[in-house]
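Novice: Here you go, this is query.json (JSON, C-alpha atoms).
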[["chain", "number", "residue", "atom", "x", "y", "z"],
["A", 152, "MET", "CA", 139.48, -106.21, -168.71],
["A", 153, "LYS", "CA", 137.34, -105.50, -171.79],
["A", 154, "PHE", "CA", 133.58, -105.47, -172.21],
["A", 155, "SER", "CA", 133.21, -105.60, -175.99],
["A", 156, "ALA", "CA", 135.09, -108.14, -178.07],
["A", 157, "LEU", "CA", 134.80, -106.82, -181.62],
["A", 158, "ASP", "CA", 133.60, -103.22, -181.79],
["A", 159, "GLU", "CA", 136.58, -101.00, -180.99],
["A", 160, "ASP", "CA", 134.45, -97.84, -181.19],
["A", 161, "THR", "CA", 132.42, -98.99, -178.17],
["A", 162, "ARG", "CA", 135.11, -100.99, -176.40],
["A", 163, "ASP", "CA", 135.45, -99.91, -172.78],
["A", 164, "LEU", "CA", 138.23, -101.12, -170.49],
["A", 165, "PHE", "CA", 138.56, -101.62, -166.77],
["A", 166, "SER", "CA", 142.01, -101.10, -165.28],
["A", 167, "ILE", "CA", 141.99, -103.64, -162.46],
["A", 168, "MET", "CA", 145.32, -104.00, -160.68],
["A", 169, "TRP", "CA", 149.01, -103.44, -160.97],
["A", 170, "CYS", "CA", 151.89, -104.35, -158.67],
["A", 171, "SER", "CA", 155.40, -102.99, -159.05],
["A", 172, "SER", "CA", 158.46, -102.25, -156.95],
["A", 173, "ILE", "CA", 159.32, -99.39, -159.31],
["A", 174, "PRO", "CA", 157.77, -96.06, -158.20],
["A", 175, "PHE", "CA", 155.10, -94.65, -160.55],
["A", 176, "LEU", "CA", 155.43, -97.51, -163.05],
["A", 177, "GLY", "CA", 151.67, -98.11, -162.90],
["A", 178, "LEU", "CA", 151.02, -94.47, -163.68],
["A", 179, "ARG", "CA", 153.36, -94.67, -166.67],
["A", 180, "LEU", "CA", 151.57, -97.79, -167.93],
["A", 181, "LEU", "CA", 148.21, -96.00, -167.81],
["A", 182, "GLN", "CA", 149.64, -93.06, -169.72],
["A", 183, "GLU", "CA", 151.05, -95.36, -172.42],
["A", 184, "LEU", "CA", 147.99, -97.65, -172.68],
["A", 185, "PRO", "CA", 146.19, -95.71, -175.49],
["A", 186, "LYS", "CA", 149.20, -96.21, -177.75],
["A", 187, "TYR", "CA", 148.75, -99.98, -177.74],
["A", 188, "VAL", "CA", 145.02, -100.61, -177.18],
["A", 189, "ARG", "CA", 142.13, -98.89, -178.92],
["A", 190, "PHE", "CA", 139.21, -98.22, -176.59],
["A", 191, "ARG", "CA", 136.46, -95.71, -175.89],
["A", 192, "TYR", "CA", 136.77, -95.22, -172.11],
["A", 193, "ARG", "CA", 138.98, -96.51, -169.32],
["A", 194, "LEU", "CA", 137.15, -97.10, -166.05],
["A", 195, "GLY", "CA", 137.91, -98.62, -162.68],
["A", 196, "ILE", "CA", 135.97, -100.20, -159.84],
["A", 197, "GLY", "CA", 137.11, -101.61, -156.52],
["A", 198, "ALA", "CA", 139.81, -98.95, -156.46],
["A", 199, "ASN", "CA", 141.80, -98.05, -153.36],
["A", 200, "PRO", "CA", 140.57, -94.60, -152.24],
["A", 201, "GLU", "CA", 144.04, -93.71, -150.92],
["A", 202, "THR", "CA", 145.96, -94.55, -154.09],
["A", 203, "SER", "CA", 144.16, -95.40, -157.36],
["A", 204, "VAL", "CA", 141.14, -93.18, -156.70],
["A", 205, "ALA", "CA", 143.37, -90.23, -155.83],
["A", 206, "ILE", "CA", 145.61, -90.76, -158.88],
["A", 207, "ASN", "CA", 142.70, -91.00, -161.32],
["A", 208, "LYS", "CA", 140.97, -87.98, -159.79],
["A", 209, "ASN", "CA", 143.97, -85.66, -159.55],
["A", 210, "ILE", "CA", 146.07, -86.73, -162.54],
["A", 211, "PHE", "CA", 143.55, -88.07, -165.06],
["A", 212, "ALA", "CA", 140.67, -85.76, -163.98],
["A", 213, "GLN", "CA", 138.27, -88.66, -163.62],
["A", 214, "ILE", "CA", 135.06, -88.69, -161.61],
["A", 215, "THR", "CA", 135.27, -90.76, -158.43],
["A", 216, "GLY", "CA", 132.76, -92.08, -155.93],
["A", 217, "LYS", "CA", 131.25, -95.11, -154.19],
["A", 218, "LEU", "CA", 128.61, -97.55, -155.35],
["A", 219, "SER", "CA", 125.37, -97.45, -153.37],
["A", 220, "HIS", "CA", 124.53, -100.68, -151.52],
["A", 221, "TYR", "CA", 120.91, -101.85, -151.38],
["A", 222, "TYR", "CA", 119.38, -104.88, -149.67],
["A", 223, "ILE", "CA", 116.20, -106.85, -148.99],
["A", 224, "LEU", "CA", 116.30, -108.45, -145.56],
["A", 225, "GLN", "CA", 114.06, -111.43, -144.91],
["A", 226, "GLN", "CA", 112.25, -111.99, -141.64],
["A", 227, "ARG", "CA", 113.61, -115.04, -139.87],
["A", 228, "GLN", "CA", 112.34, -116.59, -136.66],
["A", 229, "ASP", "CA", 115.64, -118.45, -136.26],
["A", 230, "GLY", "CA", 117.83, -115.35, -136.40],
["A", 231, "TYR", "CA", 120.62, -114.33, -138.76],
["A", 232, "LEU", "CA", 124.06, -115.82, -139.33],
["A", 233, "LEU", "CA", 125.17, -113.79, -142.36],
["A", 234, "ALA", "CA", 123.54, -110.39, -142.01],
["A", 235, "LYS", "CA", 123.55, -108.39, -138.80],
["A", 236, "PRO", "CA", 120.42, -106.22, -138.72],
["A", 237, "SER", "CA", 120.12, -103.17, -136.53],
["A", 238, "ASP", "CA", 116.74, -102.22, -135.08],
["A", 239, "ALA", "CA", 116.29, -99.75, -137.93],
["A", 240, "GLY", "CA", 117.31, -102.35, -140.51],
["A", 241, "MET", "CA", 114.89, -105.08, -139.40],
["A", 242, "PRO", "CA", 112.04, -105.72, -141.84],
["A", 243, "GLU", "CA", 108.72, -104.55, -140.43],
["A", 244, "GLU", "CA", 106.84, -107.38, -142.09],
["A", 245, "ALA", "CA", 107.51, -110.36, -144.29],
["A", 246, "TYR", "CA", 108.60, -109.34, -147.77],
["A", 247, "SER", "CA", 105.58, -109.67, -150.03],
["A", 248, "ASN", "CA", 104.39, -108.81, -153.49],
["A", 249, "SER", "CA", 102.87, -105.36, -153.90],
["A", 250, "MET", "CA", 100.31, -106.78, -156.33],
["A", 251, "ASP", "CA", 101.00, -104.00, -158.81],
["A", 252, "GLU", "CA", 98.98, -104.15, -161.99],
["A", 253, "HIS", "CA", 102.11, -103.47, -164.03],
["A", 254, "LYS", "CA", 103.65, -106.88, -164.63],
["A", 255, "VAL", "CA", 106.84, -108.09, -166.21],
["A", 256, "PHE", "CA", 107.78, -111.50, -167.55],
["A", 257, "TRP", "CA", 111.15, -113.13, -167.00],
["A", 258, "GLN", "CA", 112.90, -116.08, -168.60],
["A", 259, "GLN", "CA", 116.22, -117.62, -167.59],
["A", 260, "VAL", "CA", 118.63, -118.17, -170.48],
["A", 261, "ASN", "CA", 121.55, -120.57, -170.68],
["A", 262, "THR", "CA", 122.92, -120.26, -174.22],
["A", 263, "VAL", "CA", 124.23, -117.60, -176.58],
["A", 264, "GLU", "CA", 121.49, -118.55, -179.04],
["A", 265, "GLU", "CA", 118.82, -117.67, -176.49],
["A", 266, "LEU", "CA", 120.57, -114.41, -175.67],
["A", 267, "SER", "CA", 120.77, -113.31, -179.30],
["A", 268, "SER", "CA", 117.14, -114.29, -179.89],
["A", 269, "TYR", "CA", 115.77, -112.51, -176.84],
["A", 270, "TYR", "CA", 117.93, -109.39, -176.54],
["A", 271, "ASN", "CA", 119.22, -106.73, -178.91],
["A", 272, "PHE", "CA", 122.66, -105.74, -177.61],
["A", 273, "ASP", "CA", 123.03, -102.96, -180.20],
["A", 274, "ARG", "CA", 120.57, -100.89, -178.17],
["A", 275, "GLU", "CA", 123.14, -100.73, -175.36],
["A", 276, "LYS", "CA", 126.01, -99.20, -177.34],
["A", 277, "GLU", "CA", 125.50, -95.77, -175.77],
["A", 278, "GLN", "CA", 125.65, -97.28, -172.29],
["A", 279, "ILE", "CA", 128.97, -96.93, -170.45],
["A", 280, "PRO", "CA", 130.39, -99.49, -170.12],
["A", 281, "TYR", "CA", 128.92, -101.26, -173.13],
["A", 282, "LYS", "CA", 128.53, -104.99, -172.50],
["A", 283, "ASP", "CA", 128.02, -107.08, -175.62],
["A", 284, "ILE", "CA", 126.90, -110.69, -176.01],
["A", 285, "TYR", "CA", 130.53, -111.85, -175.81],
["A", 286, "TYR", "CA", 130.81, -110.34, -172.34],
["A", 287, "ILE", "CA", 127.67, -112.10, -171.04],
["A", 288, "LYS", "CA", 128.82, -115.38, -172.58],
["A", 289, "LYS", "CA", 132.35, -115.34, -171.18],
["A", 290, "TRP", "CA", 131.74, -113.81, -167.75],
["A", 291, "TYR", "CA", 128.42, -115.38, -166.81],
["A", 292, "LEU", "CA", 127.27, -118.27, -168.99],
["A", 293, "GLU", "CA", 130.73, -119.87, -169.19],
["A", 294, "HIS", "CA", 132.28, -118.86, -165.88],
["A", 295, "PRO", "CA", 134.62, -121.69, -164.85],
["A", 296, "VAL", "CA", 133.88, -121.45, -161.10],
["A", 297, "TYR", "CA", 130.68, -119.58, -160.30],
["A", 298, "SER", "CA", 127.18, -120.47, -161.42],
["A", 299, "TYR", "CA", 125.26, -117.38, -162.54],
["A", 300, "GLU", "CA", 121.57, -117.00, -163.33],
["A", 301, "VAL", "CA", 120.93, -114.83, -166.39],
["A", 302, "TYR", "CA", 117.37, -113.60, -166.94],
["A", 303, "ILE", "CA", 115.75, -111.70, -169.81],
["A", 304, "ILE", "CA", 113.02, -109.34, -168.61],
["A", 305, "TRP", "CA", 110.07, -108.25, -170.75],
["A", 306, "ASP", "CA", 107.65, -105.44, -170.06],
["A", 307, "THR", "CA", 104.34, -107.20, -170.76],
["A", 308, "VAL", "CA", 102.08, -104.16, -170.66],
["A", 309, "ASN", "CA", 99.90, -103.73, -173.77],
["A", 310, "LYS", "CA", 101.19, -106.90, -175.40],
["A", 311, "ASP", "CA", 98.64, -109.28, -176.85],
["A", 312, "LYS", "CA", 100.92, -112.27, -177.19],
["A", 313, "LYS", "CA", 103.47, -114.07, -175.08],
["A", 314, "PRO", "CA", 106.52, -111.83, -174.54],
["A", 315, "TRP", "CA", 109.12, -114.37, -175.65],
["A", 316, "THR", "CA", 107.46, -114.53, -179.08],
["A", 317, "SER", "CA", 107.16, -110.77, -179.51],
["A", 318, "GLY", "CA", 110.78, -109.74, -179.94],
["A", 319, "HIS", "CA", 113.62, -108.58, -177.81],
["A", 320, "GLY", "CA", 113.46, -108.10, -174.05],
["A", 321, "ASN", "CA", 113.80, -104.85, -172.14],
["A", 322, "ALA", "CA", 116.53, -105.82, -169.68],
["A", 323, "ILE", "CA", 119.01, -108.47, -168.51],
["A", 324, "LEU", "CA", 119.34, -109.39, -164.84],
["A", 325, "VAL", "CA", 122.24, -111.48, -163.49],
["A", 326, "LEU", "CA", 122.17, -113.17, -160.06],
["A", 327, "ARG", "CA", 124.38, -115.45, -158.04],
["A", 328, "GLU", "CA", 123.63, -117.44, -154.90],
["A", 329, "GLN", "CA", 126.14, -117.06, -152.09],
["A", 330, "GLU", "CA", 126.21, -119.75, -149.41],
["A", 331, "TYR", "CA", 127.94, -119.89, -146.06],
["A", 332, "SER", "CA", 127.33, -122.04, -142.97],
["A", 333, "GLY", "CA", 124.08, -123.39, -144.37],
["A", 334, "ARG", "CA", 122.60, -119.96, -145.12],
["A", 335, "LYS", "CA", 122.32, -118.10, -148.42],
["A", 336, "ALA", "CA", 122.38, -114.60, -149.84],
["A", 337, "LEU", "CA", 121.10, -113.63, -153.27],
["A", 338, "ARG", "CA", 123.58, -111.31, -154.98],
["A", 339, "VAL", "CA", 122.35, -109.09, -157.82],
["A", 340, "VAL", "CA", 125.62, -108.71, -159.69],
["A", 341, "ASP", "CA", 124.60, -107.09, -162.99],
["A", 342, "TYR", "CA", 121.73, -105.30, -164.68],
["A", 343, "ILE", "CA", 121.61, -104.21, -168.33],
["A", 344, "GLY", "CA", 118.75, -102.40, -170.02],
["A", 345, "GLU", "CA", 115.91, -100.03, -169.16],
["A", 346, "GLN", "CA", 116.16, -98.60, -165.67],
["A", 347, "LYS", "CA", 112.41, -98.42, -165.05],
["A", 348, "ILE", "CA", 112.08, -102.18, -165.60],
["A", 349, "PHE", "CA", 114.13, -102.81, -162.45],
["A", 350, "GLY", "CA", 111.43, -101.04, -160.47],
["A", 351, "MET", "CA", 108.91, -103.62, -161.70],
["A", 352, "LEU", "CA", 110.83, -106.62, -160.30],
["A", 353, "LYS", "CA", 109.40, -106.69, -156.78],
["A", 354, "ASP", "CA", 107.30, -109.73, -157.60],
["A", 355, "PHE", "CA", 110.37, -111.45, -159.09],
["A", 356, "PHE", "CA", 112.46, -110.94, -155.95],
["A", 357, "CYS", "CA", 109.51, -111.88, -153.76],
["A", 358, "LYS", "CA", 109.19, -115.25, -155.50],
["A", 359, "ARG", "CA", 112.94, -115.83, -155.68],
["A", 360, "LEU", "CA", 113.45, -115.20, -151.98],
["A", 361, "GLU", "CA", 110.39, -117.15, -150.85],
["A", 362, "ASP", "CA", 111.50, -120.22, -152.77],
["A", 363, "TRP", "CA", 114.83, -120.51, -150.99],
["A", 364, "ARG", "CA", 114.45, -118.61, -147.76],
["A", 365, "PHE", "CA", 117.58, -116.57, -148.19],
["A", 366, "GLU", "CA", 118.67, -114.24, -145.40],
["A", 367, "TYR", "CA", 118.90, -111.33, -147.80],
["A", 368, "ALA", "CA", 119.32, -110.10, -151.35],
["A", 369, "ASP", "CA", 121.70, -107.24, -152.10],
["A", 370, "PHE", "CA", 122.62, -104.99, -155.00],
["A", 371, "TYR", "CA", 125.66, -102.72, -155.43],
["A", 372, "ASN", "CA", 124.98, -100.08, -158.06],
["A", 373, "TYR", "CA", 125.86, -96.70, -159.45],
["A", 374, "GLY", "CA", 123.86, -95.14, -162.28],
["A", 375, "ILE", "CA", 120.36, -96.55, -161.79],
["A", 376, "LYS", "CA", 117.87, -94.15, -160.23],
["A", 377, "LYS", "CA", 117.37, -94.86, -156.54],
["A", 378, "GLN", "CA", 113.60, -94.64, -157.05],
["A", 379, "TYR", "CA", 113.51, -97.76, -159.22],
["A", 380, "ILE", "CA", 115.62, -99.82, -156.83],
["A", 381, "LEU", "CA", 113.39, -98.88, -153.89],
["A", 382, "GLU", "CA", 110.30, -99.75, -155.94],
["A", 383, "ALA", "CA", 111.72, -103.26, -156.39],
["A", 384, "GLY", "CA", 111.63, -103.69, -152.61],
["A", 385, "PHE", "CA", 115.22, -102.81, -151.73],
["A", 386, "LYS", "CA", 116.40, -100.54, -148.92],
["A", 387, "GLU", "CA", 119.55, -98.43, -149.09],
["A", 388, "LEU", "CA", 122.33, -99.28, -146.65],
["A", 389, "LEU", "CA", 123.35, -95.93, -145.19],
["A", 390, "GLU", "CA", 126.61, -95.12, -143.45],
["A", 391, "GLU", "CA", 124.86, -94.25, -140.19],
["A", 392, "ASP", "CA", 122.90, -97.52, -140.25],
["A", 393, "GLU", "CA", 124.41, -100.19, -138.01],
["A", 394, "THR", "CA", 123.00, -102.99, -140.16],
["A", 395, "VAL", "CA", 125.69, -105.23, -141.66],
["A", 396, "ILE", "CA", 125.21, -106.75, -145.12],
["A", 397, "PRO", "CA", 128.36, -108.81, -145.85],
["A", 398, "THR", "CA", 130.20, -108.61, -149.14],
["A", 399, "TYR", "CA", 133.23, -110.85, -148.53],
["A", 400, "TYR", "CA", 132.62, -114.60, -148.40],
["A", 401, "GLU", "CA", 136.00, -116.07, -149.37],
["A", 402, "PRO", "CA", 136.78, -115.93, -146.49],
["A", 403, "PHE", "CA", 133.55, -114.78, -144.85],
["A", 404, "VAL", "CA", 133.80, -111.39, -143.13],
["A", 405, "GLN", "CA", 130.74, -109.96, -141.41],
["A", 406, "LYS", "CA", 131.24, -106.29, -142.19],
["A", 407, "ASN", "CA", 130.10, -103.66, -144.66],
["A", 408, "VAL", "CA", 132.39, -102.85, -147.56],
["A", 409, "ASP", "CA", 132.62, -99.72, -149.70],
["A", 410, "ILE", "CA", 133.27, -100.22, -153.42],
["A", 411, "TRP", "CA", 134.95, -97.17, -155.00],
["A", 412, "PHE", "CA", 135.04, -96.34, -158.70],
["A", 413, "HIS", "CA", 136.56, -93.86, -161.12],
["A", 414, "ALA", "CA", 135.26, -92.92, -164.59],
["A", 415, "PRO", "CA", 135.98, -90.27, -167.22],
["A", 416, "VAL", "CA", 132.30, -89.28, -167.58],
["A", 417, "GLU", "CA", 129.27, -89.09, -165.25],
["A", 418, "GLN", "CA", 126.88, -91.14, -167.42],
["A", 419, "VAL", "CA", 128.10, -94.56, -166.26],
["A", 420, "ARG", "CA", 126.44, -97.60, -164.73],
["A", 421, "PHE", "CA", 128.37, -99.91, -162.42],
["A", 422, "CYS", "CA", 127.27, -103.14, -160.73],
["A", 423, "LYS", "CA", 128.87, -105.62, -158.34],
["A", 424, "ALA", "CA", 130.42, -107.90, -160.96],
["A", 425, "ASP", "CA", 132.17, -105.16, -162.92],
["A", 426, "GLY", "CA", 135.95, -105.08, -162.92],
["A", 427, "HIS", "CA", 136.31, -108.59, -161.41],
["A", 428, "GLN", "CA", 134.63, -107.49, -158.17],
["A", 429, "ASP", "CA", 132.58, -110.70, -158.11],
["A", 430, "ARG", "CA", 135.51, -113.06, -158.41],
["A", 431, "PRO", "CA", 136.35, -116.31, -156.59],
["A", 432, "ASN", "CA", 139.20, -115.99, -154.10],
["A", 433, "ASN", "CA", 139.29, -119.60, -152.92],
["A", 434, "ILE", "CA", 139.44, -122.14, -155.75],
["A", 435, "HIS", "CA", 139.69, -125.77, -154.65],
["A", 436, "ILE", "CA", 141.03, -127.97, -157.41],
["A", 437, "MET", "CA", 140.20, -131.62, -156.90],
["A", 438, "THR", "CA", 142.45, -134.11, -158.68],
["A", 439, "GLU", "CA", 141.18, -137.61, -159.28],
["A", 440, "ILE", "CA", 143.91, -140.19, -158.65]]
As structure tokens, how would this structure be written, given the file I've shared?
Specialist:
Amino acid sequence: MKFSALDEDTRDLFSIMWCSSIPFLGLRLLQELPKYVRFRYRLGIGANPETSVAINKNIFAQITGKLSHYYILQQRQDGYLLAKPSDAGMPEEAYSNSMDEHKVFWQQVNTVEELSSYYNFDREKEQIPYKDIYYIKKWYLEHPVYSYEVYIIWDTVNKDKKPWTSGHGNAILVLREQEYSGRKALRVVDYIGEQKIFGMLKDFFCKRLEDWRFEYADFYNYGIKKQYILEAGFKELLEEDETVIPTYYEPFVQKNVDIWFHAPVEQVRFCKADGHQDRPNNIHIMTEI
């Protein structure tokens, strides 16, 4: 799976899956891959800690670890069907805006033209993995099954005119609604851009959750400072916490899930949708007779 369509110097690849009855064939394929495909870095997410993680750590000397899982749990008088809060995980009060003076502006985009007008993807070329406009177009705007929400975020401080007329945005936020048994979760599946801007999105999530009365919002991430995610109103799901924030919905499984990764360098940023982790597993094809 590639992130950049044209620029081979910044093209990063995710190795996703291989199946073979021949021992060590997958390992041989990885060793031969650079001979046939030009890329900057090979990364992996959703890897099996007993097999792929161990191979990439011990043979390819890659860095391995788990994505952190963050969540915003809404207060509900009618209880929870999706999440399973522990006493420690229950929200102390209704999620509300902090009324910070530092504001941001957001605008949902639906076309490549809007993306190119509102965001300068060249600024992200040092980011690993580098996601260009082709990636956003193919994986989010034109996804054949899922409906994603793509937002451009502007830092509006010290700007005298409307942000969308003043140049490129500071970040891109990608969301997807997840529904099961009449309830919803708001999945933050990708974030591109300035880390500090994420910390200014508490008002955004407050409004988004109030509008639809979701049970929770969640965000898998590695690479963004924990401080900024907490400032946006999220809480980290810790191993000792008995709270359950489901990840699997096709079929629905009410349990916590670890997402492992491997990478050749430490300066990486991973989110839920990377490496096909936010993929449909049940596709119902309706044929009109």
Novice: So that each row is one residue of range 332-426 of chain A with an atom at most 12 Å from range 197-200 of chain A, can you give its shortest atom pair and the distance in Å to one decimal, using all atoms listed in the file, rows by chain and rising number, as a Markdown table?
Specialist:
| residue | atom | partner | partner_atom | distance |
| --- | --- | --- | --- | --- |
| A:Tyr371 | CA | A:Gly197 | CA | 11.6 |
| A:Val408 | CA | A:Gly197 | CA | 10.2 |
| A:Asp409 | CA | A:Gly197 | CA | 8.4 |
| A:Ile410 | CA | A:Gly197 | CA | 5.1 |
| A:Trp411 | CA | A:Gly197 | CA | 5.2 |
| A:Phe412 | CA | A:Ala198 | CA | 5.9 |
| A:His413 | CA | A:Ala198 | CA | 7.6 |
| A:Ala414 | CA | A:Ala198 | CA | 11.1 |
| A:Phe421 | CA | A:Gly197 | CA | 10.7 |
| A:Cys422 | CA | A:Gly197 | CA | 10.8 |
| A:Lys423 | CA | A:Gly197 | CA | 9.3 |
| A:Ala424 | CA | A:Gly197 | CA | 10.2 |
| A:Asp425 | CA | A:Gly197 | CA | 8.8 |
| A:Gly426 | CA | A:Gly197 | CA | 7.4 |
Novice: In Å, rounded to a single decimal, give me how far CA of Asn433 in chain A is from CA of Glu401 in chain A.
Specialist: 6.0 Å
Novice: So what do you get for CA of Asp229 in chain A versus CA of Thr398 in chain A, distance-wise?
Specialist: 21.8 Å
Novice: In terms of the shortest atom-to-atom distance over all atoms listed in the file, which of A:Leu181, A:Ile396, A:Val419, A:Val296 is closest to Ser237 in chain A?
Specialist: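 Under the stated criterion, the closest residue is A:Ile396.
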Novice: Separation of CA of Pro295 in chain A and CA of Val340 in chain A, in Å?
Specialist: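 Atom-to-atom, CA of Pro295 in chain A and CA of Val340 in chain A are spaced 16.6 Å apart.
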Novice: In terms of the shortest atom-to-atom distance over only C-alpha atoms, which of A:Lys386, A:Arg338, A:Lys208, A:Arg193 is closest to Tyr221 in chain A?
Specialist: A:Lys386
Novice: Considering only C-alpha atoms, state which residue in the set A:Leu326, A:Val260, A:Leu180, A:Met241 is at the smallest distance from Leu388 in chain A.
Specialist: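 Ranking A:Leu326, A:Val260, A:Leu180, A:Met241 by distance to Leu388 in chain A, first place goes to A:Met241.
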Novice: Within 6 Å of range 303-306 of chain A, counting all atoms listed in the file, which residues qualify if same-chain residues fewer than 2 places away don't, as a VMD selection string?
Specialist: chain A and resid 255 to 258 308 320 to 323
Novice: Show me the residues close to (112.9, -102.0, -150.6) - anything with an atom within 9 Å, counting all atoms listed in the file - and format the list as a ChimeraX atom specification.
Specialist: /A:221-224,246,353,380-387
Novice: Please determine, counting all atoms listed in the file, which residue among A:Glu330, A:Glu366, A:Glu393, A:Asp429 has the shortest atom-to-atom distance to Gln228 in chain A.
Specialist: A:Glu366
Novice: With distances taken over only C-alpha atoms, which of A:Ser268, A:Pro236, A:Phe355, A:His319 is nearest to Asp392 in chain A?
Specialist: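 Of all the options, A:Pro236 lies closest to Asp392 in chain A.
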Novice: Would you kindly return, as a list in words, each protein, DNA or RNA residue with an atom no farther than 10 Å from any atom of Ile279 in chain A, considering only C-alpha atoms and excluding same-chain residues fewer than 5 positions away?
Specialist: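 Listed by chain and then number, they are Phe154, Thr161, Arg162, Asp163, Arg191, Tyr192, Leu194, Gly374, Ala414, Val416, Glu417, Gln418, Val419, Arg420 and Phe421 of chain A.
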Novice: Which is closer to Leu389 in chain A than all the others in A:Ser219, A:Tyr367, A:Asp283, A:Glu183, using all atoms listed in the file?
Specialist: A:Ser219
Novice: Could you give me, as a PyMOL selection string, the residues within 10 Å of Arg227 in chain A, counting only C-alpha atoms and dropping anything in the same chain fewer than 6 positions from it?
Specialist: chain A and resi 242+245+364-366
Novice: Which residues come within 12 Å of His294 in chain A, counting only C-alpha atoms, excluding same-chain residues fewer than 2 positions away, as a PDB file with C-alpha atoms, in the coordinates of the input?
Specialist:
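Output (out.pdb):
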ATOM      1  CA  ASN A 261     121.550-120.570-170.680  1.00  0.00           C
ATOM      2  CA  TYR A 286     130.810-110.340-172.340  1.00  0.00           C
ATOM      3  CA  ILE A 287     127.670-112.100-171.040  1.00  0.00           C
ATOM      4  CA  LYS A 288     128.820-115.380-172.580  1.00  0.00           C
ATOM      5  CA  LYS A 289     132.350-115.340-171.180  1.00  0.00           C
ATOM      6  CA  TRP A 290     131.740-113.810-167.750  1.00  0.00           C
ATOM      7  CA  TYR A 291     128.420-115.380-166.810  1.00  0.00           C
ATOM      8  CA  LEU A 292     127.270-118.270-168.990  1.00  0.00           C
ATOM      9  CA  VAL A 296     133.880-121.450-161.100  1.00  0.00           C
ATOM     10  CA  TYR A 297     130.680-119.580-160.300  1.00  0.00           C
ATOM     11  CA  SER A 298     127.180-120.470-161.420  1.00  0.00           C
ATOM     12  CA  TYR A 299     125.260-117.380-162.540  1.00  0.00           C
ATOM     13  CA  GLU A 300     121.570-117.000-163.330  1.00  0.00           C
ATOM     14  CA  ARG A 327     124.380-115.450-158.040  1.00  0.00           C
ATOM     15  CA  HIS A 427     136.310-108.590-161.410  1.00  0.00           C
ATOM     16  CA  ASP A 429     132.580-110.700-158.110  1.00  0.00           C
ATOM     17  CA  ARG A 430     135.510-113.060-158.410  1.00  0.00           C
ATOM     18  CA  PRO A 431     136.350-116.310-156.590  1.00  0.00           C
TER      19      PRO A 431
END
